[in-house]
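J.: If it helps, the file is called query_8.tsv and holds TSV, C-alpha atoms and all ligand atoms:
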chain	number	residue	atom	x	y	z
A	260	MET	CA	15.79	1.00	15.89
A	261	ALA	CA	12.43	2.63	15.84
A	262	ARG	CA	10.93	3.74	19.12
A	263	LEU	CA	7.60	2.02	19.55
A	264	ILE	CA	4.71	3.37	21.53
A	265	ASP	CA	1.24	2.03	22.08
A	266	SER	CA	-1.87	3.04	20.19
A	267	GLY	CA	-4.32	5.79	20.97
A	268	PRO	CA	-4.42	9.51	20.46
A	269	GLY	CA	-1.21	9.95	22.43
A	270	CYS	CA	1.20	10.04	19.50
A	271	PRO	CA	3.55	12.92	20.27
A	272	THR	CA	3.10	14.72	16.96
A	273	PRO	CA	4.76	17.99	17.88
A	274	THR	CA	1.87	20.41	17.85
A	275	PRO	CA	3.84	23.64	17.68
A	276	LEU	CA	3.83	25.72	20.83
A	277	ARG	CA	1.02	27.97	19.86
A	278	GLY	CA	-0.76	29.55	22.78
A	279	ALA	CA	-3.13	32.35	21.94
A	280	SER	CA	-0.12	34.48	20.97
A	281	ALA	CA	0.61	32.73	17.64
A	282	ALA	CA	-2.77	33.80	16.28
A	283	ALA	CA	-2.88	37.09	18.17
A	284	ALA	CA	0.55	38.09	16.88
A	285	ARG	CA	-0.96	37.85	13.40
A	286	GLY	CA	-4.03	39.93	14.33
A	287	LEU	CA	-6.26	36.83	14.42
A	288	VAL	CA	-8.79	36.27	17.18
A	289	TYR	CA	-11.26	33.54	18.07
A	290	ASP	CA	-14.42	35.56	17.58
A	291	ASP	CA	-17.97	34.55	16.68
A	292	ALA	CA	-17.23	34.61	12.94
A	293	VAL	CA	-14.22	32.31	13.32
A	294	LYS	CA	-16.19	30.02	15.61
A	295	ALA	CA	-19.01	29.76	13.06
A	296	GLU	CA	-16.54	29.03	10.25
A	297	THR	CA	-14.57	26.39	12.12
A	298	ASP	CA	-16.94	24.58	14.50
A	299	ALA	CA	-17.74	21.93	11.89
A	300	LEU	CA	-14.02	21.27	11.37
A	301	TYR	CA	-13.12	20.49	14.97
A	302	PRO	CA	-14.43	16.89	14.97
A	303	LEU	CA	-11.93	16.07	12.19
A	304	ILE	CA	-8.99	16.58	14.53
A	305	ALA	CA	-10.63	16.06	17.93
A	306	ASP	CA	-8.29	13.11	18.64
A	307	PHE	CA	-5.22	15.35	18.30
A	308	VAL	CA	-6.26	18.81	19.47
A	309	THR	CA	-7.92	19.36	22.84
A	310	PRO	CA	-10.88	21.74	23.25
A	311	MET	CA	-8.51	23.97	25.23
A	312	GLU	CA	-6.12	24.29	22.27
A	313	TRP	CA	-8.79	24.82	19.64
A	314	PRO	CA	-9.36	28.59	20.22
A	315	ALA	CA	-5.63	29.09	19.53
A	316	ILE	CA	-5.72	27.03	16.33
A	317	ALA	CA	-9.12	27.89	14.84
A	318	PRO	CA	-8.21	31.53	13.96
A	319	LEU	CA	-5.20	30.30	11.97
A	320	VAL	CA	-7.37	27.74	10.16
A	321	ALA	CA	-10.03	30.33	9.34
A	322	GLY	CA	-7.36	32.86	8.32
A	323	ILE	CA	-5.72	30.37	5.94
A	324	ASN	CA	-9.01	29.27	4.40
A	325	ARG	CA	-10.05	32.91	3.84
A	326	LEU	CA	-6.68	33.79	2.26
A	327	LYS	CA	-6.90	30.83	-0.10
A	328	LYS	CA	-10.13	32.23	-1.50
A	329	THR	CA	-8.99	35.85	-1.83
A	330	LYS	CA	-5.64	34.88	-3.37
A	331	ASN	CA	-6.88	32.00	-5.56
A	332	ALA	CA	-4.48	29.62	-3.82
A	333	VAL	CA	-4.58	25.89	-3.11
A	334	ILE	CA	-2.68	23.88	-0.55
A	335	LEU	CA	-1.20	20.54	-1.59
A	336	ALA	CA	-0.88	18.53	1.62
A	337	HIS	CA	1.32	15.45	1.73
A	338	ASN	CA	0.23	12.45	3.76
A	339	TYR	CA	2.99	13.22	6.29
A	340	MET	CA	1.55	16.58	7.29
A	341	THR	CA	0.16	16.88	10.83
A	342	PRO	CA	-3.63	16.37	11.05
A	343	ASP	CA	-4.39	20.09	11.52
A	344	ILE	CA	-2.81	20.86	8.13
A	345	PHE	CA	-3.88	17.65	6.40
A	346	SER	CA	-7.54	17.71	7.42
A	347	LEU	CA	-8.32	21.39	7.99
A	348	VAL	CA	-6.55	23.42	5.30
A	349	GLY	CA	-5.28	20.93	2.66
A	350	ASP	CA	-7.21	21.16	-0.62
A	351	PHE	CA	-5.54	18.17	-2.20
A	352	ARG	CA	-4.10	15.38	-0.09
A	353	GLY	CA	-2.02	12.40	-1.01
A	354	ASP	CA	1.36	11.01	-1.93
A	355	SER	CA	4.00	12.56	-4.20
A	356	LEU	CA	2.43	11.21	-7.39
A	357	GLN	CA	-1.08	12.38	-6.55
A	358	LEU	CA	0.17	15.84	-5.56
A	359	ALA	CA	2.26	16.12	-8.74
A	360	ARG	CA	-0.82	15.36	-10.83
A	361	GLU	CA	-2.87	17.93	-8.89
A	362	ALA	CA	-0.16	20.58	-9.36
A	363	SER	CA	-0.38	20.25	-13.12
A	364	ALA	CA	-4.20	20.12	-13.15
A	365	THR	CA	-5.18	22.95	-10.82
A	366	ASP	CA	-6.19	26.32	-12.22
A	367	ALA	CA	-5.33	28.16	-8.99
A	368	ALA	CA	-2.81	30.99	-9.31
A	369	ILE	CA	-0.83	30.03	-6.21
A	370	ILE	CA	0.21	26.59	-4.98
A	371	VAL	CA	1.31	26.30	-1.36
A	372	GLN	CA	3.26	23.09	-0.91
A	373	ALA	CA	2.57	21.59	2.48
A	374	GLY	CA	5.41	19.15	2.09
A	375	VAL	CA	9.15	19.32	1.53
A	376	HIS	CA	11.22	21.33	-0.93
A	377	PHE	CA	11.61	18.72	-3.67
A	378	MET	CA	7.81	18.43	-3.79
A	379	ALA	CA	7.49	22.20	-4.26
A	380	GLU	CA	10.07	21.98	-7.04
A	381	THR	CA	8.02	19.22	-8.68
A	382	SER	CA	4.95	21.46	-8.61
A	383	LYS	CA	6.94	24.30	-10.17
A	384	ILE	CA	8.36	22.03	-12.85
A	385	LEU	CA	4.87	20.92	-13.85
A	386	ALA	CA	3.13	24.27	-13.39
A	387	PRO	CA	5.70	26.97	-14.27
A	388	GLU	CA	3.07	29.67	-14.81
A	389	LYS	CA	1.89	29.33	-11.22
A	390	THR	CA	3.45	30.83	-8.11
A	391	VAL	CA	4.66	27.96	-5.93
A	392	LEU	CA	5.33	28.75	-2.28
A	393	ILE	CA	7.07	26.65	0.36
A	394	PRO	CA	6.25	27.81	3.90
A	395	ASP	CA	9.73	26.98	5.26
A	396	THR	CA	12.75	26.72	2.97
A	397	ARG	CA	14.49	24.44	5.46
A	398	ALA	CA	11.99	21.63	4.74
A	399	GLY	CA	14.51	19.36	3.03
A	400	CYS	CA	14.91	15.60	2.71
A	401	SER	CA	17.77	13.22	3.49
A	402	LEU	CA	17.20	11.37	0.22
A	403	ALA	CA	17.17	14.53	-1.88
A	404	ALA	CA	20.32	15.76	-0.12
A	405	SER	CA	22.21	12.52	-0.82
A	406	ILE	CA	22.77	13.10	-4.54
A	407	THR	CA	23.41	16.00	-6.94
A	408	GLY	CA	23.04	16.57	-10.67
A	409	ALA	CA	26.85	16.38	-10.95
A	410	ASP	CA	26.74	12.91	-9.36
A	411	VAL	CA	24.26	11.74	-12.00
A	412	ARG	CA	26.42	13.14	-14.81
A	413	LEU	CA	29.30	11.00	-13.51
A	414	ILE	CA	27.02	7.95	-13.35
A	415	LYS	CA	26.00	8.54	-16.97
A	416	GLN	CA	29.67	8.72	-18.02
A	417	LYS	CA	30.37	5.45	-16.22
A	418	TYR	CA	27.24	3.61	-17.43
A	419	PRO	CA	26.20	5.17	-20.77
A	420	ASP	CA	24.16	2.13	-21.83
A	421	TYR	CA	21.77	1.95	-18.88
A	422	PRO	CA	18.66	4.05	-18.30
A	423	ILE	CA	18.65	6.08	-15.09
A	424	VAL	CA	15.45	6.23	-13.09
A	425	THR	CA	15.23	8.66	-10.21
A	426	TYR	CA	12.81	8.47	-7.35
A	427	VAL	CA	10.92	11.79	-7.23
A	428	ASN	CA	12.48	12.45	-3.83
A	429	CYS	CA	15.36	14.40	-5.39
A	430	THR	CA	16.15	17.93	-6.55
A	431	ALA	CA	15.20	19.40	-9.93
A	432	ASP	CA	18.93	19.25	-10.84
A	433	VAL	CA	18.90	15.48	-10.40
A	434	LYS	CA	15.63	14.99	-12.26
A	435	ALA	CA	17.07	17.04	-15.12
A	436	GLU	CA	19.92	14.52	-15.55
A	437	CYS	CA	17.78	11.36	-15.38
A	438	HIS	CA	15.73	9.65	-18.06
A	439	ILE	CA	12.54	9.15	-16.06
A	440	THR	CA	11.24	9.60	-12.54
A	441	CYS	CA	9.26	7.18	-10.39
A	442	THR	CA	7.36	7.23	-7.13
A	443	SER	CA	6.83	4.47	-4.61
A	444	SER	CA	3.40	3.93	-6.23
A	445	ASN	CA	4.79	3.09	-9.65
A	446	ALA	CA	8.52	2.28	-9.23
A	447	ALA	CA	8.23	-1.31	-10.45
A	448	GLN	CA	6.09	-0.24	-13.44
A	449	VAL	CA	8.67	2.44	-14.40
A	450	VAL	CA	11.68	0.12	-14.06
A	451	GLU	CA	10.02	-2.57	-16.17
A	452	HIS	CA	9.02	0.04	-18.75
A	453	VAL	CA	12.53	1.50	-19.21
A	454	ALA	CA	14.17	-1.92	-19.26
A	455	LYS	CA	11.90	-2.85	-22.17
A	456	GLU	CA	12.27	0.53	-23.91
A	457	TRP	CA	16.09	0.39	-23.70
A	458	ASN	CA	16.15	-3.34	-24.41
A	459	THR	CA	18.35	-3.92	-21.38
A	460	ASP	CA	18.33	-6.17	-18.34
A	461	THR	CA	19.99	-3.49	-16.18
A	462	VAL	CA	18.47	-0.28	-14.84
A	463	ILE	CA	19.99	2.34	-12.53
A	464	LEU	CA	17.60	3.50	-9.78
A	465	VAL	CA	18.69	6.38	-7.53
A	466	PRO	CA	18.92	7.70	-4.85
A	467	ASP	CA	17.10	5.34	-2.44
A	468	GLN	CA	19.02	2.11	-2.03
A	469	TYR	CA	16.18	0.47	-0.09
A	470	LEU	CA	13.49	1.32	-2.62
A	471	ALA	CA	15.88	-0.02	-5.28
A	472	LYS	CA	16.39	-3.28	-3.40
A	473	ASN	CA	12.66	-3.68	-2.85
A	474	VAL	CA	11.91	-2.99	-6.53
A	475	ALA	CA	14.62	-5.43	-7.63
A	476	ALA	CA	12.91	-8.12	-5.56
A	477	GLN	CA	9.63	-7.43	-7.40
A	478	THR	CA	10.86	-7.21	-10.95
A	479	GLY	CA	13.79	-9.59	-11.33
A	480	ILE	CA	15.55	-6.81	-13.24
A	481	ARG	CA	19.19	-6.13	-12.37
A	482	ILE	CA	19.25	-2.78	-10.59
A	483	LEU	CA	22.28	-0.67	-9.75
A	484	THR	CA	21.73	1.96	-7.10
A	485	TRP	CA	23.05	4.80	-4.94
A	486	PRO	CA	23.67	4.74	-1.17
A	487	GLY	CA	20.91	7.19	-0.24
A	488	ALA	CA	18.22	6.49	2.35
A	489	CYS	CA	15.26	8.13	4.02
A	490	GLU	CA	16.28	8.99	7.55
A	491	VAL	CA	12.78	8.12	8.78
A	492	HIS	CA	12.19	4.75	7.13
A	493	GLU	CA	15.73	3.41	7.48
A	494	LEU	CA	15.19	3.34	11.26
A	495	PHE	CA	12.78	0.42	10.98
A	496	SER	CA	14.09	-3.13	10.97
A	497	GLY	CA	12.80	-6.65	10.57
A	498	GLU	CA	13.53	-7.12	14.26
A	499	ASP	CA	11.10	-4.26	15.03
A	500	VAL	CA	8.38	-6.15	13.17
A	501	LYS	CA	9.04	-9.32	15.19
A	502	GLN	CA	8.87	-7.32	18.44
A	503	LEU	CA	5.63	-5.69	17.32
A	504	ARG	CA	4.06	-9.06	16.61
A	505	GLU	CA	5.10	-10.34	20.04
A	506	ALA	CA	3.79	-7.26	21.81
A	507	HIS	CA	0.59	-7.03	19.78
A	508	PRO	CA	-0.56	-10.50	18.68
A	509	GLY	CA	-2.68	-10.38	15.55
A	510	VAL	CA	-1.42	-6.97	14.43
A	511	ILE	CA	-1.34	-6.42	10.66
A	512	VAL	CA	1.99	-4.88	9.65
A	513	LEU	CA	2.03	-2.47	6.70
A	514	ALA	CA	5.38	-1.10	5.48
A	515	HIS	CA	6.53	1.63	3.12
A	516	PRO	CA	9.07	0.51	0.47
A	517	GLU	CA	11.62	3.10	1.67
A	518	CYS	CA	12.08	0.70	4.63
A	519	PRO	CA	14.99	-1.76	4.47
A	520	PRO	CA	14.11	-5.06	2.73
A	521	ASP	CA	14.17	-7.08	5.96
A	522	VAL	CA	11.15	-5.00	7.05
A	523	LEU	CA	9.21	-5.93	3.91
A	524	GLN	CA	10.30	-9.53	4.43
A	525	GLU	CA	8.46	-9.56	7.76
A	526	ALA	CA	5.51	-7.31	6.84
A	527	ASP	CA	2.01	-8.37	5.75
A	528	PHE	CA	1.63	-5.71	3.07
A	529	ALA	CA	3.87	-3.04	1.54
A	530	GLY	CA	3.29	-0.08	-0.73
A	531	SER	CA	3.25	3.67	-1.11
A	532	THR	CA	1.44	5.88	1.37
A	533	SER	CA	-1.64	5.72	-0.88
A	534	ALA	CA	-1.45	1.93	-1.07
A	535	LEU	CA	-1.19	1.70	2.74
A	536	SER	CA	-4.10	4.08	3.17
A	537	ASN	CA	-6.21	2.08	0.69
A	538	TYR	CA	-5.36	-1.17	2.46
A	539	VAL	CA	-6.65	0.11	5.78
A	540	ALA	CA	-9.80	1.61	4.26
A	541	GLU	CA	-10.66	-1.55	2.33
A	542	ASN	CA	-9.69	-4.20	4.88
A	543	GLN	CA	-10.55	-2.44	8.17
A	544	PRO	CA	-8.09	-4.60	10.14
A	545	ASN	CA	-8.80	-4.94	13.83
A	546	LYS	CA	-5.27	-3.86	14.75
A	547	VAL	CA	-2.71	-2.37	12.39
A	548	VAL	CA	0.69	-0.73	12.38
A	549	LEU	CA	2.00	1.50	9.59
A	550	LEU	CA	5.78	1.45	9.33
A	551	THR	CA	6.17	4.91	7.88
A	552	GLU	CA	6.17	8.52	9.02
A	553	CYS	CA	4.22	9.09	12.22
A	554	SER	CA	1.63	11.63	11.02
A	555	MET	CA	0.52	9.25	8.30
A	556	SER	CA	-0.95	6.97	10.98
A	557	ASP	CA	-2.72	9.92	12.55
A	558	ASN	CA	-4.29	10.91	9.24
A	559	VAL	CA	-5.33	7.38	8.27
A	560	ALA	CA	-6.64	6.75	11.81
A	561	ALA	CA	-8.86	9.84	11.58
A	562	GLU	CA	-10.50	8.36	8.48
A	563	ASN	CA	-10.84	4.86	9.95
A	564	PRO	CA	-12.19	5.22	13.49
A	565	ALA	CA	-12.98	1.50	13.84
A	566	VAL	CA	-9.33	0.48	13.35
A	567	ASN	CA	-6.95	0.25	16.29
A	568	PHE	CA	-3.56	1.72	15.36
A	569	ILE	CA	-0.24	0.86	16.95
A	570	ARG	CA	1.91	3.95	16.28
A	571	PRO	CA	5.69	3.77	16.02
A	572	CYS	CA	6.90	7.30	16.46
A	573	ASN	CA	9.26	8.15	13.63
A	574	LEU	CA	8.78	11.76	12.64
A	575	CYS	CA	10.26	13.41	9.58
A	576	PRO	CA	11.90	16.58	10.95
A	577	HIS	CA	11.70	18.19	7.52
A	578	MET	CA	7.98	17.64	7.05
A	579	LYS	CA	7.43	18.94	10.56
A	580	ARG	CA	8.89	22.31	9.63
A	581	ILE	CA	5.58	23.06	7.92
A	582	THR	CA	3.05	24.50	10.36
A	583	LEU	CA	-0.27	26.35	10.24
A	584	GLU	CA	1.66	29.46	11.26
A	585	ASN	CA	4.12	29.45	8.38
A	586	ILE	CA	1.40	28.45	5.89
A	587	TYR	CA	-0.56	31.51	7.01
A	588	ASP	CA	2.54	33.70	6.81
A	589	CYS	CA	3.46	32.57	3.31
A	590	LEU	CA	-0.05	33.30	2.05
A	591	VAL	CA	0.14	36.80	3.56
A	592	THR	CA	3.68	37.66	2.41
A	593	GLY	CA	4.10	35.58	-0.75
A	594	GLN	CA	7.25	34.02	0.71
A	595	HIS	CA	9.05	31.72	-0.10
A	596	GLU	CA	8.66	31.43	-3.82
A	597	VAL	CA	10.26	28.38	-5.47
A	598	THR	CA	12.13	29.12	-8.69
A	599	ILE	CA	14.06	26.85	-11.04
A	600	PRO	CA	16.34	27.88	-13.94
A	601	GLU	CA	14.31	27.30	-17.12
A	602	ASP	CA	16.82	24.97	-18.79
A	603	VAL	CA	16.85	22.76	-15.69
A	604	ARG	CA	13.06	22.89	-15.38
A	605	VAL	CA	12.53	21.81	-18.99
A	606	ARG	CA	14.87	18.82	-18.69
A	607	ALA	CA	13.43	17.85	-15.30
A	608	LYS	CA	9.93	18.07	-16.78
A	609	ALA	CA	10.92	15.65	-19.51
A	610	ALA	CA	11.80	13.07	-16.84
A	611	LEU	CA	8.51	13.68	-15.01
A	612	ASP	CA	6.50	13.66	-18.24
A	613	ALA	CA	8.03	10.31	-19.19
A	614	MET	CA	6.59	8.91	-15.96
A	615	LEU	CA	3.25	10.69	-16.22
A	616	ALA	CA	2.81	9.42	-19.81
A	617	LEU	CA	2.76	5.80	-18.63
A	618	PRO	CA	-0.69	4.23	-18.43
A	619	LYS	CA	-2.38	5.46	-15.28
A	620	MET	CA	-2.63	2.57	-12.85
A	621	ALA	CA	-6.04	1.77	-11.39
A	622	ARG	CA	-4.37	1.65	-7.98
A	623	PRO	CA	-0.84	2.00	-6.57
A	624	LEU	CA	1.27	-1.13	-6.95
A	625	ALA	CA	1.69	-3.30	-3.88
A	626	PHE	CA	5.15	-4.73	-3.14
A	627	ARG	CA	5.43	-8.44	-2.47
A	628	THR	CA	6.31	-9.19	1.14
A	629	GLY	CA	8.16	-12.23	2.51
A	630	GLN	CA	10.96	-11.93	-0.06
A	631	VAL	CA	14.55	-12.68	0.90
A	632	PRO	CA	16.47	-9.32	0.94
A	633	LEU	CA	18.72	-8.67	-2.07
A	634	GLU	CA	22.08	-6.91	-2.09
A	635	LEU	CA	22.63	-4.59	-5.03
A	636	GLU	CA	25.69	-3.16	-6.71
A	637	MET	CA	26.26	0.55	-6.04
A	638	VAL	CA	27.13	2.88	-8.89
A	639	ILE	CA	29.90	4.45	-6.78
A	701	LIG	S1	10.11	11.09	5.20
A	701	LIG	FE1	12.14	10.60	4.38
A	701	LIG	S2	11.91	10.70	2.15
A	701	LIG	FE2	10.14	11.80	3.08
A	701	LIG	S3	10.82	13.95	3.20
A	701	LIG	FE3	11.32	13.00	5.19
A	701	LIG	S4	13.47	12.34	4.93
A	701	LIG	FE4	12.66	12.72	2.86
Once more with this new file: its structure as structure tokens, please.

T.:
Amino acid sequence: MARLIDSGPGCPTPTPLRGASAAAARGLVYDDAVKAETDALYPLIADFVTPMEWPAIAPLVAGINRLKKTKNAVILAHNYMTPDIFSLVGDFRGDSLQLAREASATDAAIIVQAGVHFMAETSKILAPEKTVLIPDTRAGCSLAASITGADVRLIKQKYPDYPIVTYVNCTADVKAECHITCTSSNAAQVVEHVAKEWNTDTVILVPDQYLAKNVAAQTGIRILTWPGACEVHELFSGEDVKQLREAHPGVIVLAHPECPPDVLQEADFAGSTSALSNYVAENQPNKVVLLTECSMSDNVAAENPAVNFIRPCNLCPHMKRITLENIYDCLVTGQHEVTIPEDVRVRAKAALDAMLALPKMARPLAFRTGQVPLELEMVI
């Protein structure tokens, strides 16, 4: 069960314990030059950082932005980053698919992945000539940890006639064994594409069982799946949505498709983080709740000040390992570089390329809501 809190700038996003010492320990001070460089940035995060905290944070922000220039580096910031990272130092912001496209397009020498490890691997797969850094190697993912390349090889032995689609939230080893990747923006498009290409009515979609169930409800294609789940989104339930509607009459409920199907059954709209963000920007609902990772609401709220957000507090502990401090440190030291054996990288790239070669969608696909949840057969 998700823990629900009320709206307002009180969401307990864990601003790391900084104090002046975090910047000072790195030889950074809040002097006139830093103040001049960062004053215009403060309003972007004024709902999350108090004026008292700002002198401790601004030197890190200025230090990171200076290092990016001198080292020809860019920061790819996922939607689940805290607002200080997302709004103040991120060069490209978005969901997995958007960041993957940016990784292959940028001409920067260094990519710092402000996200989790599988995302940094995806950048390295697509941009092998670039140095890809992850600020904290412990930034993992429950979905990525649920399945290995060896598991996929066994699935292929058992089901040689079915295409295997993997959600990008997996390791390079897993991508290397699958036929094509997908994201939550294009999962239905990818599944329909491979079913047609393989002339089959059955597709295997791993490792997220909930995404698979939600895609099956959209496409009508028989999907076999794997018992993985996102430890953040699986906490939401259809019952949570009913309680939210009782507590906040008129609230518009938006859900991510990594949530269990009973959540999408009760929601008003469902889609990837980009789709949710677009929905809020275009519809400007009076009162909205995003059933996804907590910082996402903070970041969308900052861009939509007229919208009142109800904020369930489900944090991804892996995403929250990335901080301004360790982004600064990785730019200074060059740690931690992400490497992938070349044979694995090449095969993983083939799966990513198969997805990226599909016609670019004008906008991320929305999932139908109100559908009766489906049960799917597991491949194990
Ligand atoms: S939010 Fe879920 S899917 Fe995303 S990194 Fe965290 S555990 Fe993985």

J.: Identify, counting all atoms listed in the file, the protein, DNA and RNA residues located within 10 Å of ligand LIG 701 (chain A), and give them as a VMD selection string.

T.: chain A and resid 337 to 339 355 374 to 378 398 to 404 426 to 429 467 487 to 493 517 to 518 551 to 553 573 to 579

J.: May I have the residues within 12 Å of region 594-600 of chain A as a PyMOL selection string, using all atoms listed in the file and disregarding those fewer than 3 positions away in the same chain?

T.: chain A and resi 369-372+375-398+430-432+435+585-591+603-608

J.: Could those residues be written to a file, using C-alpha atoms, as a PDB file, in the coordinates of the input?

T.:
ATOM      1  CA  ILE A 369      -0.830  30.030  -6.210  1.00  0.00           C
ATOM      2  CA  ILE A 370       0.210  26.590  -4.980  1.00  0.00           C
ATOM      3  CA  VAL A 371       1.310  26.300  -1.360  1.00  0.00           C
ATOM      4  CA  GLN A 372       3.260  23.090  -0.910  1.00  0.00           C
ATOM      5  CA  VAL A 375       9.150  19.320   1.530  1.00  0.00           C
ATOM      6  CA  HIS A 376      11.220  21.330  -0.930  1.00  0.00           C
ATOM      7  CA  PHE A 377      11.610  18.720  -3.670  1.00  0.00           C
ATOM      8  CA  MET A 378       7.810  18.430  -3.790  1.00  0.00           C
ATOM      9  CA  ALA A 379       7.490  22.200  -4.260  1.00  0.00           C
ATOM     10  CA  GLU A 380      10.070  21.980  -7.040  1.00  0.00           C
ATOM     11  CA  THR A 381       8.020  19.220  -8.680  1.00  0.00           C
ATOM     12  CA  SER A 382       4.950  21.460  -8.610  1.00  0.00           C
ATOM     13  CA  LYS A 383       6.940  24.300 -10.170  1.00  0.00           C
ATOM     14  CA  ILE A 384       8.360  22.030 -12.850  1.00  0.00           C
ATOM     15  CA  LEU A 385       4.870  20.920 -13.850  1.00  0.00           C
ATOM     16  CA  ALA A 386       3.130  24.270 -13.390  1.00  0.00           C
ATOM     17  CA  PRO A 387       5.700  26.970 -14.270  1.00  0.00           C
ATOM     18  CA  GLU A 388       3.070  29.670 -14.810  1.00  0.00           C
ATOM     19  CA  LYS A 389       1.890  29.330 -11.220  1.00  0.00           C
ATOM     20  CA  THR A 390       3.450  30.830  -8.110  1.00  0.00           C
ATOM     21  CA  VAL A 391       4.660  27.960  -5.930  1.00  0.00           C
ATOM     22  CA  LEU A 392       5.330  28.750  -2.280  1.00  0.00           C
ATOM     23  CA  ILE A 393       7.070  26.650   0.360  1.00  0.00           C
ATOM     24  CA  PRO A 394       6.250  27.810   3.900  1.00  0.00           C
ATOM     25  CA  ASP A 395       9.730  26.980   5.260  1.00  0.00           C
ATOM     26  CA  THR A 396      12.750  26.720   2.970  1.00  0.00           C
ATOM     27  CA  ARG A 397      14.490  24.440   5.460  1.00  0.00           C
ATOM     28  CA  ALA A 398      11.990  21.630   4.740  1.00  0.00           C
ATOM     29  CA  THR A 430      16.150  17.930  -6.550  1.00  0.00           C
ATOM     30  CA  ALA A 431      15.200  19.400  -9.930  1.00  0.00           C
ATOM     31  CA  ASP A 432      18.930  19.250 -10.840  1.00  0.00           C
ATOM     32  CA  ALA A 435      17.070  17.040 -15.120  1.00  0.00           C
ATOM     33  CA  ASN A 585       4.120  29.450   8.380  1.00  0.00           C
ATOM     34  CA  ILE A 586       1.400  28.450   5.890  1.00  0.00           C
ATOM     35  CA  TYR A 587      -0.560  31.510   7.010  1.00  0.00           C
ATOM     36  CA  ASP A 588       2.540  33.700   6.810  1.00  0.00           C
ATOM     37  CA  CYS A 589       3.460  32.570   3.310  1.00  0.00           C
ATOM     38  CA  LEU A 590      -0.050  33.300   2.050  1.00  0.00           C
ATOM     39  CA  VAL A 591       0.140  36.800   3.560  1.00  0.00           C
ATOM     40  CA  VAL A 603      16.850  22.760 -15.690  1.00  0.00           C
ATOM     41  CA  ARG A 604      13.060  22.890 -15.380  1.00  0.00           C
ATOM     42  CA  VAL A 605      12.530  21.810 -18.990  1.00  0.00           C
ATOM     43  CA  ARG A 606      14.870  18.820 -18.690  1.00  0.00           C
ATOM     44  CA  ALA A 607      13.430  17.850 -15.300  1.00  0.00           C
ATOM     45  CA  LYS A 608       9.930  18.070 -16.780  1.00  0.00           C
TER      46      LYS A 608
END

J.: What is the distance between CA of Leu347 (chain A) and CA of Ile304 (chain A), in Å to one decimal?

T.: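 If I compute the distance from CA of Leu347 (chain A) to CA of Ile304 (chain A), I get 8.1 Å.
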
J.: Please measure the separation of CA of Ala446 (chain A) and CA of Val547 (chain A), giving the value in Å to one decimal.

T.: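 Those two atoms sit 24.8 Å apart.
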
J.: Here is a test: counting only C-alpha atoms, which residue of A:Ala283, A:Leu413, A:Ile439, A:Ala625 is nearest to Pro516 (chain A)?

T.: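 Once distances to Pro516 (chain A) are computed over only C-alpha atoms, the minimum belongs to A:Ala625.
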